[in-house]
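Reproduced below: model06.txt, with compact mmCIF, C-alpha atoms.
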```
# COMPACT_ATOMS: atom_id res chain seq x y z
CA MET A 1 30.84 27.73 -12.50
CA GLU A 2 29.37 26.12 -9.41
CA ARG A 3 31.03 22.98 -8.09
CA VAL A 4 29.70 20.11 -6.04
CA PRO A 5 31.83 19.49 -2.92
CA VAL A 6 33.25 16.00 -2.32
CA LEU A 7 33.67 15.19 1.39
CA LYS A 8 35.78 12.36 2.79
CA ILE A 9 34.30 10.50 5.78
CA GLY A 10 36.41 7.55 6.86
CA ASP A 11 36.58 5.18 3.93
CA ILE A 12 33.75 6.88 2.08
CA LEU A 13 33.48 9.89 -0.19
CA LEU A 14 30.20 11.75 0.34
CA VAL A 15 28.78 13.92 -2.42
CA SER A 16 25.65 15.89 -1.59
CA ILE A 17 24.23 17.64 -4.61
CA GLN A 18 22.47 20.81 -3.47
CA ILE A 19 22.44 22.76 -6.74
CA ASP A 20 20.78 22.31 -10.10
CA MET A 21 22.60 19.61 -12.03
CA GLU A 22 23.55 21.30 -15.27
CA ASP A 23 25.50 19.26 -17.76
CA GLN A 24 28.78 21.07 -17.03
CA VAL A 25 28.36 20.59 -13.27
CA ALA A 26 27.75 16.88 -13.78
CA LEU A 27 30.85 16.47 -15.95
CA GLN A 28 32.97 18.47 -13.49
CA LEU A 29 31.70 16.23 -10.65
CA GLN A 30 32.68 13.15 -12.65
CA GLU A 31 36.24 14.45 -13.02
CA ASP A 32 36.55 15.64 -9.41
CA LEU A 33 35.33 12.30 -8.07
CA ALA A 34 37.78 10.28 -10.15
CA ASP A 35 40.61 12.50 -8.89
CA ARG A 36 39.52 12.25 -5.26
CA ILE A 37 39.07 8.47 -5.32
CA VAL A 38 42.65 8.09 -6.53
CA ALA A 39 43.97 10.74 -4.12
CA THR A 40 42.24 9.38 -0.99
CA GLY A 41 42.11 5.67 -1.81
CA CYS A 42 38.51 5.48 -0.59
CA HIS A 43 36.48 2.38 -1.38
CA GLY A 44 32.98 3.81 -1.30
CA VAL A 45 31.13 6.75 -2.87
CA ILE A 46 27.73 8.00 -1.72
CA ILE A 47 25.92 10.46 -3.96
CA ASP A 48 23.00 12.14 -2.20
CA ILE A 49 20.42 13.51 -4.64
CA SER A 50 17.65 14.20 -2.11
CA ALA A 51 17.75 17.89 -3.00
CA LEU A 52 17.29 17.28 -6.71
CA ASP A 53 13.82 17.94 -8.16
CA ILE A 54 14.80 16.95 -11.67
CA VAL A 55 17.02 14.15 -12.92
CA ASP A 56 17.18 14.20 -16.70
CA SER A 57 18.60 11.53 -18.96
CA PHE A 58 22.02 13.20 -19.09
CA VAL A 59 22.37 13.34 -15.32
CA GLY A 60 21.13 9.74 -15.16
CA ARG A 61 23.80 8.66 -17.62
CA THR A 62 26.49 10.65 -15.81
CA LEU A 63 25.57 8.88 -12.56
CA ALA A 64 25.94 5.55 -14.35
CA THR A 65 29.31 6.64 -15.76
CA ILE A 66 30.49 7.75 -12.30
CA ALA A 67 29.49 4.35 -10.93
CA ALA A 68 31.42 2.60 -13.68
CA ILE A 69 34.51 4.81 -13.21
CA SER A 70 34.61 4.24 -9.46
CA LYS A 71 34.17 0.52 -10.02
CA VAL A 72 37.33 0.57 -12.14
CA LEU A 73 39.10 2.40 -9.28
CA ASP A 74 37.81 -0.25 -6.80
CA ALA A 75 35.16 1.95 -5.16
CA GLU A 76 31.44 1.13 -4.93
CA THR A 77 28.93 3.89 -5.71
CA VAL A 78 25.52 4.23 -4.05
CA VAL A 79 22.97 6.85 -5.11
CA VAL A 80 20.81 7.77 -2.13
CA GLY A 81 17.73 9.86 -1.35
CA MET A 82 15.99 9.86 -4.71
CA ARG A 83 12.63 11.59 -4.35
CA PRO A 84 9.42 9.70 -5.21
CA ALA A 85 8.54 12.21 -7.91
CA VAL A 86 11.96 11.78 -9.52
CA ALA A 87 11.67 7.98 -9.40
CA ILE A 88 8.20 8.07 -10.96
CA THR A 89 9.38 10.40 -13.73
CA LEU A 90 12.38 8.19 -14.50
CA VAL A 91 10.15 5.10 -14.67
CA GLU A 92 7.65 6.89 -16.93
CA LEU A 93 10.55 7.90 -19.18
CA GLY A 94 11.74 4.30 -19.25
CA LEU A 95 15.08 5.15 -17.59
CA SER A 96 15.81 2.57 -14.93
CA LEU A 97 19.47 3.57 -14.34
CA PRO A 98 20.91 0.09 -14.82
CA GLY A 99 24.09 -0.71 -12.91
CA ILE A 100 23.50 1.90 -10.21
CA ARG A 101 23.08 0.84 -6.59
CA THR A 102 20.49 2.84 -4.70
CA ALA A 103 19.47 3.31 -1.06
CA LEU A 104 16.74 5.30 0.64
CA ASN A 105 19.02 7.54 2.71
CA VAL A 106 22.68 8.14 3.56
CA GLU A 107 22.55 5.82 6.55
CA LEU A 108 21.18 2.87 4.58
CA GLY A 109 23.65 3.73 1.83
CA MET A 110 26.56 3.38 4.27
CA GLU A 111 25.15 0.03 5.45
CA LEU A 112 24.92 -1.15 1.87
CA LEU A 113 28.55 -0.16 1.22
CA ALA A 114 29.67 -1.97 4.36
CA ARG A 115 27.79 -5.07 3.20
CA VAL A 116 29.38 -4.90 -0.24
CA ARG A 117 32.87 -4.70 1.31
CA VAL A 118 32.14 -7.74 3.48
CA ASP A 119 31.14 -9.66 0.40
CA HIS A 120 34.38 -8.60 -1.24
CA PHE A 121 36.43 -10.09 1.57
CA ASP A 122 34.17 -13.14 1.87
CA ASP A 123 34.49 -14.46 -1.61
CA ASP A 124 36.37 -12.53 -4.22
CA ASP A 125 35.18 -14.85 -6.96
CA GLU A 126 31.48 -14.13 -6.51
CA GLU A 127 31.57 -10.49 -5.55
CA ASP A 128 28.86 -9.48 -7.99
CA ALA A 129 26.44 -12.27 -7.19
CA GLY A 130 26.69 -11.71 -3.45
CA ALA A 131 26.44 -7.94 -3.44
CA THR A 132 22.81 -7.56 -4.37
CA GLY A 133 21.35 -6.18 -1.16
CA THR A 134 19.14 -4.02 -3.31
CA PRO A 135 19.38 -5.45 -6.78
CA ALA A 136 19.76 -3.26 -9.81
CA ALA A 137 16.48 -2.17 -11.34
CA SER A 138 15.09 -4.47 -13.98
CA ASP A 139 14.56 -3.33 -17.52
CA SER A 140 10.88 -4.25 -17.77
CA MET B 1 -43.74 32.57 -23.42
CA THR B 2 -42.88 35.18 -20.83
CA LEU B 3 -45.11 36.72 -18.26
CA SER B 4 -46.27 40.27 -18.90
CA ALA B 5 -46.10 42.72 -16.02
CA ASP B 6 -49.85 42.75 -15.28
CA GLU B 7 -50.09 38.97 -15.56
CA ALA B 8 -47.32 38.70 -13.00
CA ALA B 9 -49.07 41.22 -10.76
CA ARG B 10 -52.41 39.39 -11.03
CA PHE B 11 -50.71 36.14 -10.09
CA ALA B 12 -48.86 37.70 -7.21
CA ALA B 13 -52.23 38.87 -5.89
CA LEU B 14 -53.75 35.42 -6.45
CA LEU B 15 -50.90 33.69 -4.62
CA GLU B 16 -51.30 36.09 -1.74
CA GLU B 17 -55.07 35.84 -1.56
CA HIS B 18 -55.35 32.04 -1.67
CA GLN B 19 -52.13 31.17 0.12
CA GLU B 20 -53.75 28.79 2.63
CA SER B 21 -55.65 26.64 0.14
CA LEU B 22 -52.78 26.74 -2.41
CA VAL B 23 -50.19 25.44 -0.01
CA THR B 24 -52.54 22.74 1.30
CA THR B 25 -53.47 21.43 -2.16
CA TRP B 26 -49.87 21.60 -3.33
CA THR B 27 -48.60 19.73 -0.28
CA GLU B 28 -51.17 16.98 -0.85
CA HIS B 29 -50.06 16.59 -4.46
CA VAL B 30 -46.39 16.40 -3.53
CA ALA B 31 -47.04 14.08 -0.59
CA SER B 32 -48.81 11.61 -2.88
CA THR B 33 -45.78 11.44 -5.22
CA LEU B 34 -43.21 11.13 -2.43
CA ARG B 35 -45.20 8.42 -0.65
CA GLY B 36 -44.54 9.48 2.87
CA ARG B 37 -40.77 9.74 2.69
CA LEU B 38 -40.94 13.34 3.89
CA SER B 39 -43.17 14.38 6.76
CA HIS B 40 -46.29 16.39 5.98
CA ALA B 41 -45.20 19.23 8.22
CA GLU B 42 -41.83 19.42 6.48
CA LEU B 43 -43.45 19.56 3.04
CA GLN B 44 -45.93 22.17 4.23
CA ARG B 45 -43.06 24.35 5.43
CA GLN B 46 -41.07 23.92 2.21
CA ASN B 47 -44.07 24.66 0.02
CA SER B 48 -45.18 27.70 1.89
CA GLU B 49 -41.66 29.08 1.62
CA LEU B 50 -41.59 28.35 -2.09
CA ARG B 51 -45.00 30.01 -2.53
CA ARG B 52 -43.59 33.10 -0.83
CA GLY B 53 -40.62 32.91 -3.22
CA PHE B 54 -42.90 32.71 -6.25
CA ARG B 55 -45.06 35.56 -4.98
CA GLN B 56 -42.04 37.75 -4.36
CA ALA B 57 -40.64 37.04 -7.81
CA LEU B 58 -43.97 37.82 -9.46
CA ALA B 59 -44.58 40.89 -7.35
CA GLY B 60 -41.18 42.14 -8.52
CA SER B 61 -42.66 41.59 -12.01
CA ALA B 62 -40.25 38.84 -12.98
CA GLN B 63 -40.71 37.92 -16.63
CA ASP B 64 -38.74 34.72 -16.42
CA LEU B 65 -36.58 32.86 -13.95
CA ALA B 66 -33.30 34.38 -15.10
CA GLY B 67 -34.00 37.95 -13.98
CA GLU B 68 -32.99 39.82 -10.85
CA PRO B 69 -36.43 39.68 -9.10
CA ALA B 70 -36.35 35.87 -9.18
CA ALA B 71 -32.91 35.60 -7.56
CA GLU B 72 -34.31 34.55 -4.20
CA LEU B 73 -36.62 32.01 -5.80
CA ARG B 74 -33.65 30.54 -7.65
CA ALA B 75 -31.72 30.21 -4.41
CA GLN B 76 -34.70 28.45 -2.80
CA LEU B 77 -35.03 26.04 -5.71
CA ALA B 78 -31.31 25.24 -5.68
CA GLU B 79 -31.48 24.62 -1.95
CA LEU B 80 -34.48 22.33 -2.38
CA SER B 81 -32.81 20.31 -5.14
CA ALA B 82 -29.61 19.96 -3.13
CA THR B 83 -31.48 18.64 -0.09
CA ARG B 84 -33.54 16.24 -2.16
CA ALA B 85 -30.47 14.98 -4.02
CA ARG B 86 -28.65 14.28 -0.74
CA GLN B 87 -31.72 12.56 0.72
CA GLY B 88 -31.79 10.18 -2.22
CA PHE B 89 -34.93 11.32 -4.03
CA THR B 90 -35.00 10.88 -7.80
CA ALA B 91 -34.80 13.78 -10.23
CA THR B 92 -38.42 13.17 -11.28
CA GLU B 93 -39.67 13.34 -7.74
CA THR B 94 -37.84 16.59 -7.22
CA ALA B 95 -39.14 18.17 -10.43
CA VAL B 96 -42.69 16.94 -9.85
CA SER B 97 -42.68 18.76 -6.52
CA ILE B 98 -42.52 21.97 -8.50
CA PHE B 99 -44.78 20.88 -11.38
CA SER B 100 -47.58 20.01 -9.01
CA PHE B 101 -47.73 23.69 -8.02
CA LYS B 102 -49.48 24.18 -11.34
CA ASP B 103 -52.18 21.72 -10.38
CA ALA B 104 -52.71 23.55 -7.13
CA VAL B 105 -52.95 26.89 -8.94
CA LEU B 106 -55.35 25.46 -11.52
CA THR B 107 -57.66 24.20 -8.81
CA THR B 108 -57.60 27.59 -7.16
CA ILE B 109 -58.26 29.49 -10.42
CA ASP B 110 -61.15 27.16 -11.23
CA ALA B 111 -62.74 27.86 -7.92
CA ALA B 112 -62.12 31.61 -8.07
CA SER B 113 -63.03 32.68 -11.63
CA GLY B 114 -65.02 29.82 -13.17
CA GLY B 115 -62.67 29.50 -16.15
CA ASP B 116 -62.92 32.65 -18.30
CA ALA B 117 -60.54 33.36 -21.18
CA ILE B 118 -58.27 35.82 -19.36
CA ALA B 119 -57.74 33.40 -16.52
CA LEU B 120 -56.84 30.72 -19.03
CA ARG B 121 -54.24 32.91 -20.78
CA ASP B 122 -52.82 33.93 -17.42
CA TYR B 123 -52.60 30.33 -16.41
CA VAL B 124 -50.72 29.28 -19.55
CA ALA B 125 -48.20 32.07 -19.06
CA PHE B 126 -47.77 31.20 -15.41
CA SER B 127 -47.51 27.54 -16.26
CA SER B 128 -44.44 28.13 -18.46
CA PHE B 129 -42.88 30.07 -15.61
CA VAL B 130 -43.34 27.09 -13.30
CA ASP B 131 -41.94 24.79 -15.99
CA GLU B 132 -38.84 26.90 -16.07
CA ALA B 133 -38.57 26.66 -12.30
CA ALA B 134 -38.93 22.88 -12.42
CA LEU B 135 -36.27 22.60 -15.12
CA PHE B 136 -34.01 24.71 -12.96
CA THR B 137 -34.45 22.30 -10.06
CA PHE B 138 -33.63 19.47 -12.42
CA ASP B 139 -30.37 21.13 -13.41
CA SER B 140 -29.41 21.87 -9.83
CA TYR B 141 -30.32 18.33 -8.85
CA VAL B 142 -28.03 16.84 -11.48
CA ARG B 143 -25.21 19.18 -10.48
CA VAL B 144 -25.47 18.25 -6.80
CA ARG B 145 -25.59 14.56 -7.64
CA GLU B 146 -22.46 14.87 -9.76
CA GLU B 147 -20.67 16.62 -6.91
CA LEU B 148 -21.75 13.82 -4.60
CA ILE B 149 -20.41 11.18 -6.96
CA ALA B 150 -17.10 12.98 -7.39
CA ASP B 151 -16.75 13.32 -3.60
CA GLN B 152 -17.46 9.66 -3.07
CA ALA B 153 -15.00 8.59 -5.75
CA GLU B 154 -12.33 10.66 -4.03
CA GLN B 155 -13.17 9.21 -0.63
CA LEU B 156 -13.00 5.72 -2.08
CA LEU B 157 -9.56 6.48 -3.48
CA GLU B 158 -8.43 7.68 -0.05
CA LEU B 159 -9.86 4.66 1.72
CA SER B 160 -8.71 1.98 -0.63
CA THR B 161 -4.98 2.58 -0.61
CA PRO B 162 -3.52 2.32 2.88
CA VAL B 163 0.20 1.76 3.38
CA VAL B 164 0.82 -0.15 6.60
CA LYS B 165 4.01 -0.73 8.52
CA LEU B 166 4.36 -4.48 8.98
CA TRP B 167 7.69 -4.71 10.74
CA GLU B 168 10.69 -2.56 11.47
CA GLY B 169 11.83 -1.56 7.99
CA VAL B 170 9.00 -3.39 6.18
CA VAL B 171 5.88 -1.69 4.80
CA ALA B 172 2.97 -3.37 3.01
CA VAL B 173 0.31 -2.16 0.57
CA PRO B 174 -2.77 -4.38 0.59
CA LEU B 175 -4.40 -3.60 -2.75
CA VAL B 176 -8.17 -4.07 -2.72
CA GLY B 177 -10.39 -3.54 -5.74
CA THR B 178 -9.78 -2.87 -9.39
CA LEU B 179 -6.48 -1.20 -10.15
CA ASP B 180 -6.94 1.48 -12.81
CA SER B 181 -4.41 4.10 -13.83
CA ALA B 182 -5.63 6.75 -11.37
CA ARG B 183 -5.51 4.37 -8.42
CA ALA B 184 -2.20 2.91 -9.49
CA GLN B 185 -0.77 6.42 -9.52
CA VAL B 186 -2.06 7.13 -6.02
CA VAL B 187 -0.75 3.80 -4.73
CA MET B 188 2.66 4.41 -6.25
CA GLU B 189 3.00 7.92 -4.89
CA ARG B 190 1.84 6.94 -1.44
CA LEU B 191 4.07 3.88 -1.23
CA LEU B 192 7.17 5.76 -2.37
CA GLN B 193 6.46 8.63 0.02
CA THR B 194 6.04 6.16 2.91
CA LEU B 195 9.35 4.52 2.00
CA VAL B 196 11.06 7.91 2.27
CA ASP B 197 9.25 8.89 5.47
CA THR B 198 9.90 5.64 7.32
CA GLY B 199 13.22 4.76 5.73
CA SER B 200 12.02 1.20 5.12
CA PRO B 201 14.19 -0.72 2.66
CA TYR B 202 11.50 -3.37 2.01
CA ALA B 203 7.97 -3.08 0.64
CA ILE B 204 5.40 -5.81 0.08
CA ILE B 205 2.66 -5.27 -2.50
CA ASP B 206 -0.20 -7.62 -1.68
CA ILE B 207 -2.65 -8.18 -4.53
CA THR B 208 -4.99 -10.62 -2.76
CA GLY B 209 -7.87 -8.15 -3.12
CA VAL B 210 -7.35 -7.40 -6.80
CA PRO B 211 -10.11 -9.30 -8.63
CA ALA B 212 -8.32 -9.60 -11.98
CA VAL B 213 -4.80 -9.06 -13.23
CA ASP B 214 -4.37 -8.08 -16.86
CA THR B 215 -1.37 -6.68 -18.67
CA GLN B 216 -2.29 -3.14 -17.64
CA VAL B 217 -2.47 -3.95 -13.93
CA ALA B 218 0.81 -5.87 -14.19
CA GLN B 219 2.36 -2.86 -15.90
CA HIS B 220 1.27 -0.59 -13.03
CA VAL B 221 2.66 -2.95 -10.41
CA LEU B 222 5.94 -3.36 -12.30
CA LYS B 223 6.34 0.41 -12.61
CA THR B 224 5.86 0.78 -8.87
CA VAL B 225 8.46 -1.89 -8.18
CA VAL B 226 10.99 -0.31 -10.55
CA ALA B 227 10.42 3.14 -9.05
CA ALA B 228 10.92 1.75 -5.54
CA ARG B 229 14.15 0.09 -6.66
CA LEU B 230 15.38 3.34 -8.14
CA MET B 231 14.93 4.85 -4.70
CA GLY B 232 16.80 1.99 -3.09
CA ALA B 233 14.01 -0.16 -1.70
CA ASP B 234 13.20 -3.76 -2.60
CA CYS B 235 9.63 -4.78 -3.49
CA ILE B 236 8.01 -8.18 -3.11
CA ILE B 237 4.67 -9.05 -4.71
CA SER B 238 2.46 -11.34 -2.64
CA GLY B 239 -1.09 -12.66 -2.55
CA ILE B 240 -1.09 -14.23 -6.00
CA ARG B 241 -4.07 -16.58 -6.18
CA PRO B 242 -3.88 -19.75 -8.29
CA GLN B 243 -6.26 -18.32 -10.84
CA ILE B 244 -4.19 -15.14 -11.12
CA ALA B 245 -0.95 -17.11 -11.47
CA GLN B 246 -2.48 -18.96 -14.43
CA THR B 247 -3.62 -15.69 -16.00
CA ILE B 248 -0.18 -14.15 -15.56
CA VAL B 249 1.52 -17.05 -17.30
CA ALA B 250 -1.15 -17.21 -20.02
CA LEU B 251 -0.69 -13.50 -20.75
CA GLY B 252 3.08 -13.92 -20.82
CA ILE B 253 3.68 -11.29 -18.15
CA GLU B 254 7.30 -11.34 -17.01
CA PHE B 255 8.05 -10.31 -13.46
CA GLY B 256 11.77 -10.67 -14.12
CA ASP B 257 13.85 -10.89 -10.95
CA ILE B 258 11.06 -9.47 -8.75
CA ALA B 259 10.30 -11.83 -5.88
CA THR B 260 6.71 -13.13 -5.92
CA LYS B 261 5.12 -15.03 -3.04
CA ALA B 262 1.80 -16.80 -2.67
CA SER B 263 0.86 -15.25 0.65
CA LEU B 264 1.66 -12.19 2.69
CA ALA B 265 3.07 -14.44 5.43
CA ASP B 266 5.55 -15.97 2.99
CA ALA B 267 6.59 -12.54 1.80
CA LEU B 268 7.16 -11.33 5.36
CA ARG B 269 9.18 -14.41 6.22
CA TYR B 270 11.30 -13.90 3.10
CA VAL B 271 11.91 -10.24 3.90
CA LEU B 272 12.81 -10.95 7.52
CA ALA B 273 15.25 -13.65 6.43
CA LYS B 274 16.83 -11.22 4.00
CA ALA B 275 17.06 -8.45 6.61
CA GLY B 276 18.53 -11.01 9.04
CA GLN B 277 21.27 -11.92 6.59
CA THR B 278 22.14 -8.27 6.25
CA LYS B 279 22.44 -7.81 10.01
CA GLN B 280 24.60 -10.92 10.31
CA LYS B 281 26.98 -9.70 7.65
CA ARG B 282 27.31 -6.38 9.41
CA ARG B 283 28.25 -8.12 12.63
CA GLU B 284 30.89 -10.12 10.81
CA LEU B 285 32.44 -6.86 9.69
```

Starting from the file, give its structure as structure tokens.
Amino acid sequence: MERVPVLKIGDILLVSIQIDMEDQVALQLQEDLADRIVATGCHGVIIDISALDIVDSFVGRTLATIAAISKVLDAETVVVGMRPAVAITLVELGLSLPGIRTALNVELGMELLARVRVDHFDDDDEEDAGATGTPAASDS
Amino acid sequence: MTLSADEAARFAALLEEHQESLVTTWTEHVASTLRGRLSHAELQRQNSELRRGFRQALAGSAQDLAGEPAAELRAQLAELSATRARQGFTATETAVSIFSFKDAVLTTIDAASGGDAIALRDYVAFSSFVDEAALFTFDSYVRVREELIADQAEQLLELSTPVVKLWEGVVAVPLVGTLDSARAQVVMERLLQTLVDTGSPYAIIDITGVPAVDTQVAQHVLKTVVAARLMGADCIISGIRPQIAQTIVALGIEFGDIATKASLADALRYVLAKAGQTKQKRREL
């Protein structure tokens, strides 16, 4: 089975998905990422999906699960590079991927992560309220 | 009623013999219906070409307009209809141009044979042939006009949805005109593509030029905003006129946590303040 590589860059784990996201691949990625976050102690995860033509509901849910898992392990997840066609399809399907941070490209994703960390140090009490550089998509 | 071979031959001879007077009478008829919107010389040229087309078709013993001998005539008629349609003549004016050929032929037959029975039968047969030709121009005319309309609709779609870069990292879409599903789709695709191409994290959708906002329009705008957020960009809606604000509230449309501003200037100020905060935080780090 194909595997998605997880690269460590500084304090960030970078995952660039270049293959078709089958269900097994997605689940394997979820496991690998959890392992790597614990092993490296990184505080940020960037998942680049710019090569993905199709994001189905399962992959969408897996992304949300990954975000939740990394949150538990004190790492923020940003999904970057979603294609316009994918975004339109998700909206038409009514999937707005709640709870997932997004950015246009890897660079902006890294900025967003840096901002989130600053907010963490600034005020630990209000970390959620302050970290909405790009707010989570609304349900409407 | 189709033309028999010898009727066609007799007419071909007639058209050849009286070509001068035929074309002149015909041109006068057409000129009177078009009221000087085409020059006399131009009409004369068109008609004499058409006469040649008719003669050729009949000399090739065409029984009706569908056959092989009339192919060239058909091409001429299609060409004529296309030109007239583009020049803005009505369908009637175009068809009458052909119908009046019958009047010209009738005048010529009257003068030549004095109205005997054979000439009359010939004329009726020929007349139905011309009718067919005129109907053909009508069809071609309608087809060309439809193409024109489709082209213009497409051009309008292209023109009416520009995405402009307002500031470093800020793009704006000034929406002008009614927002139907097709346009909303184009706007959405173009905005999202521009976000990717320019890497702008902020987009302003300005609806100053949208005459009315109903639930459907709101739905389209909301979808665009949600799609942009999925990609990691923040959208602000601006240009909400007082009337529109009242409609939105009356319809119970919820914009949720999407920022809405009264003017484009407000929206830009808001975005710049937000981007400024971001930069400041990064420096603190």

Set out as a Markdown table a contact list for stretch 28-138 of chain A and stretch 184-203 of chain B with a cut-off of 10 Å, giving each residue of stretch 28-138 of chain A that qualifies its closest atom pair and distance in Å to one decimal, counting all atoms listed in the file, ordered by chain and rising residue number.
```
| residue | atom | partner | partner_atom | distance |
| --- | --- | --- | --- | --- |
| A:Gly81 | CA | B:Val196 | CA | 7.8 |
| A:Met82 | CA | B:Val196 | CA | 8.8 |
| A:Arg83 | CA | B:Val196 | CA | 7.7 |
| A:Pro84 | CA | B:Leu192 | CA | 5.4 |
| A:Ala85 | CA | B:Glu189 | CA | 7.6 |
| A:Ala87 | CA | B:Leu192 | CA | 8.6 |
| A:Ile88 | CA | B:Glu189 | CA | 8.0 |
| A:Ala103 | CA | B:Pro201 | CA | 7.6 |
| A:Leu104 | CA | B:Gly199 | CA | 6.2 |
| A:Asn105 | CA | B:Gly199 | CA | 7.1 |
| A:Glu107 | CA | B:Gly199 | CA | 9.4 |
| A:Leu108 | CA | B:Pro201 | CA | 8.1 |
| A:Gly133 | CA | B:Pro201 | CA | 9.8 |
| A:Thr134 | CA | B:Pro201 | CA | 8.4 |
```

Take the residues from that selection and write them out as a PDB file, in the coordinates of the input, keeping C-alpha atoms.
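Printed below is selection_34.pdb as written:
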```
ATOM      1  CA  GLY A  81      17.730   9.860  -1.350  1.00  0.00           C
ATOM      2  CA  MET A  82      15.990   9.860  -4.710  1.00  0.00           C
ATOM      3  CA  ARG A  83      12.630  11.590  -4.350  1.00  0.00           C
ATOM      4  CA  PRO A  84       9.420   9.700  -5.210  1.00  0.00           C
ATOM      5  CA  ALA A  85       8.540  12.210  -7.910  1.00  0.00           C
ATOM      6  CA  ALA A  87      11.670   7.980  -9.400  1.00  0.00           C
ATOM      7  CA  ILE A  88       8.200   8.070 -10.960  1.00  0.00           C
ATOM      8  CA  ALA A 103      19.470   3.310  -1.060  1.00  0.00           C
ATOM      9  CA  LEU A 104      16.740   5.300   0.640  1.00  0.00           C
ATOM     10  CA  ASN A 105      19.020   7.540   2.710  1.00  0.00           C
ATOM     11  CA  GLU A 107      22.550   5.820   6.550  1.00  0.00           C
ATOM     12  CA  LEU A 108      21.180   2.870   4.580  1.00  0.00           C
ATOM     13  CA  GLY A 133      21.350  -6.180  -1.160  1.00  0.00           C
ATOM     14  CA  THR A 134      19.140  -4.020  -3.310  1.00  0.00           C
TER      15      THR A 134
END
```

Atom CA of B:Glu93 to atom CA of B:Thr25, distance in Å rounded to a single decimal: 16.9 Å

Rank nothing, just name the residue among A:Gly10, A:Ala51, A:Thr62, A:Met1 nearest to A:Glu31, using all atoms listed in the file. A:Thr62

For chain A against chain B, which residues fall within 10 Å using all atoms listed in the file, given as a PyMOL selection string? chain A and resi 78-92+94-98+100-105+107-109+111-112+114-119+121-122+133-140

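Residues in contact with B:Ala31 at up to 10 Å, not including ones fewer than 6 positions away on its chain and judged by all atoms listed in the file, are B:Thr25, B:Arg37, B:Leu38, B:Ser39, B:His40, B:Leu43, B:Gln44, B:Ser97.
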
What is the atom CA of B:Ala267 to atom CA of B:Ser238 distance in Å?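 These atoms are spaced 6.2 Å apart.
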
Just how far from atom CA of A:Phe58 is atom CA of A:Ile17, in Å to one decimal?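 Distance reported for this atom pair: 15.3 Å.
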
Ranking B:Ala245, B:Ile98, B:Val170, B:Ala82 by minimum distance to B:Lys261 and counting only C-alpha atoms, which one comes first?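 Ranking B:Ala245, B:Ile98, B:Val170, B:Ala82 by distance to B:Lys261, first place goes to B:Ala245.
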
Between B:Thr178, B:Ser81, B:Gln152, B:Thr27, which one has atoms that come closest to B:Asp103, using only C-alpha atoms?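 Among the listed residues, the smallest separation from B:Asp103 belongs to B:Thr27.
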
When you count all atoms listed in the file, which of these residues is closest to A:Ser57: A:Leu33, A:Ala26, A:Ile9, A:Val45?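 Of the candidates, the smallest distance to A:Ser57 is held by A:Ala26.
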
Please work out which residues fall within 10 Å of (-42.1, 40.4, -5.0), coordinates as given in the file, with only C-alpha atoms counting, and return them as a PyMOL selection string. chain B and resi 8-9+12+52-62+69-70+72

Which polymer residues have any atom within 12 Å of an atom of B:Gln216, counting all atoms listed in the file, with same-chain residues fewer than 2 positions away left out, as a ChimeraX atom specification? /B:178-181,184,212-214,218-223,248,251,253

I want to know what sits within 10 Å of B:Ile244, based on all atoms listed in the file, with residues of the same chain fewer than 2 positions away left out; could you give that as a PyMOL selection string? chain B and resi 207-208+210-214+239-242+246-250
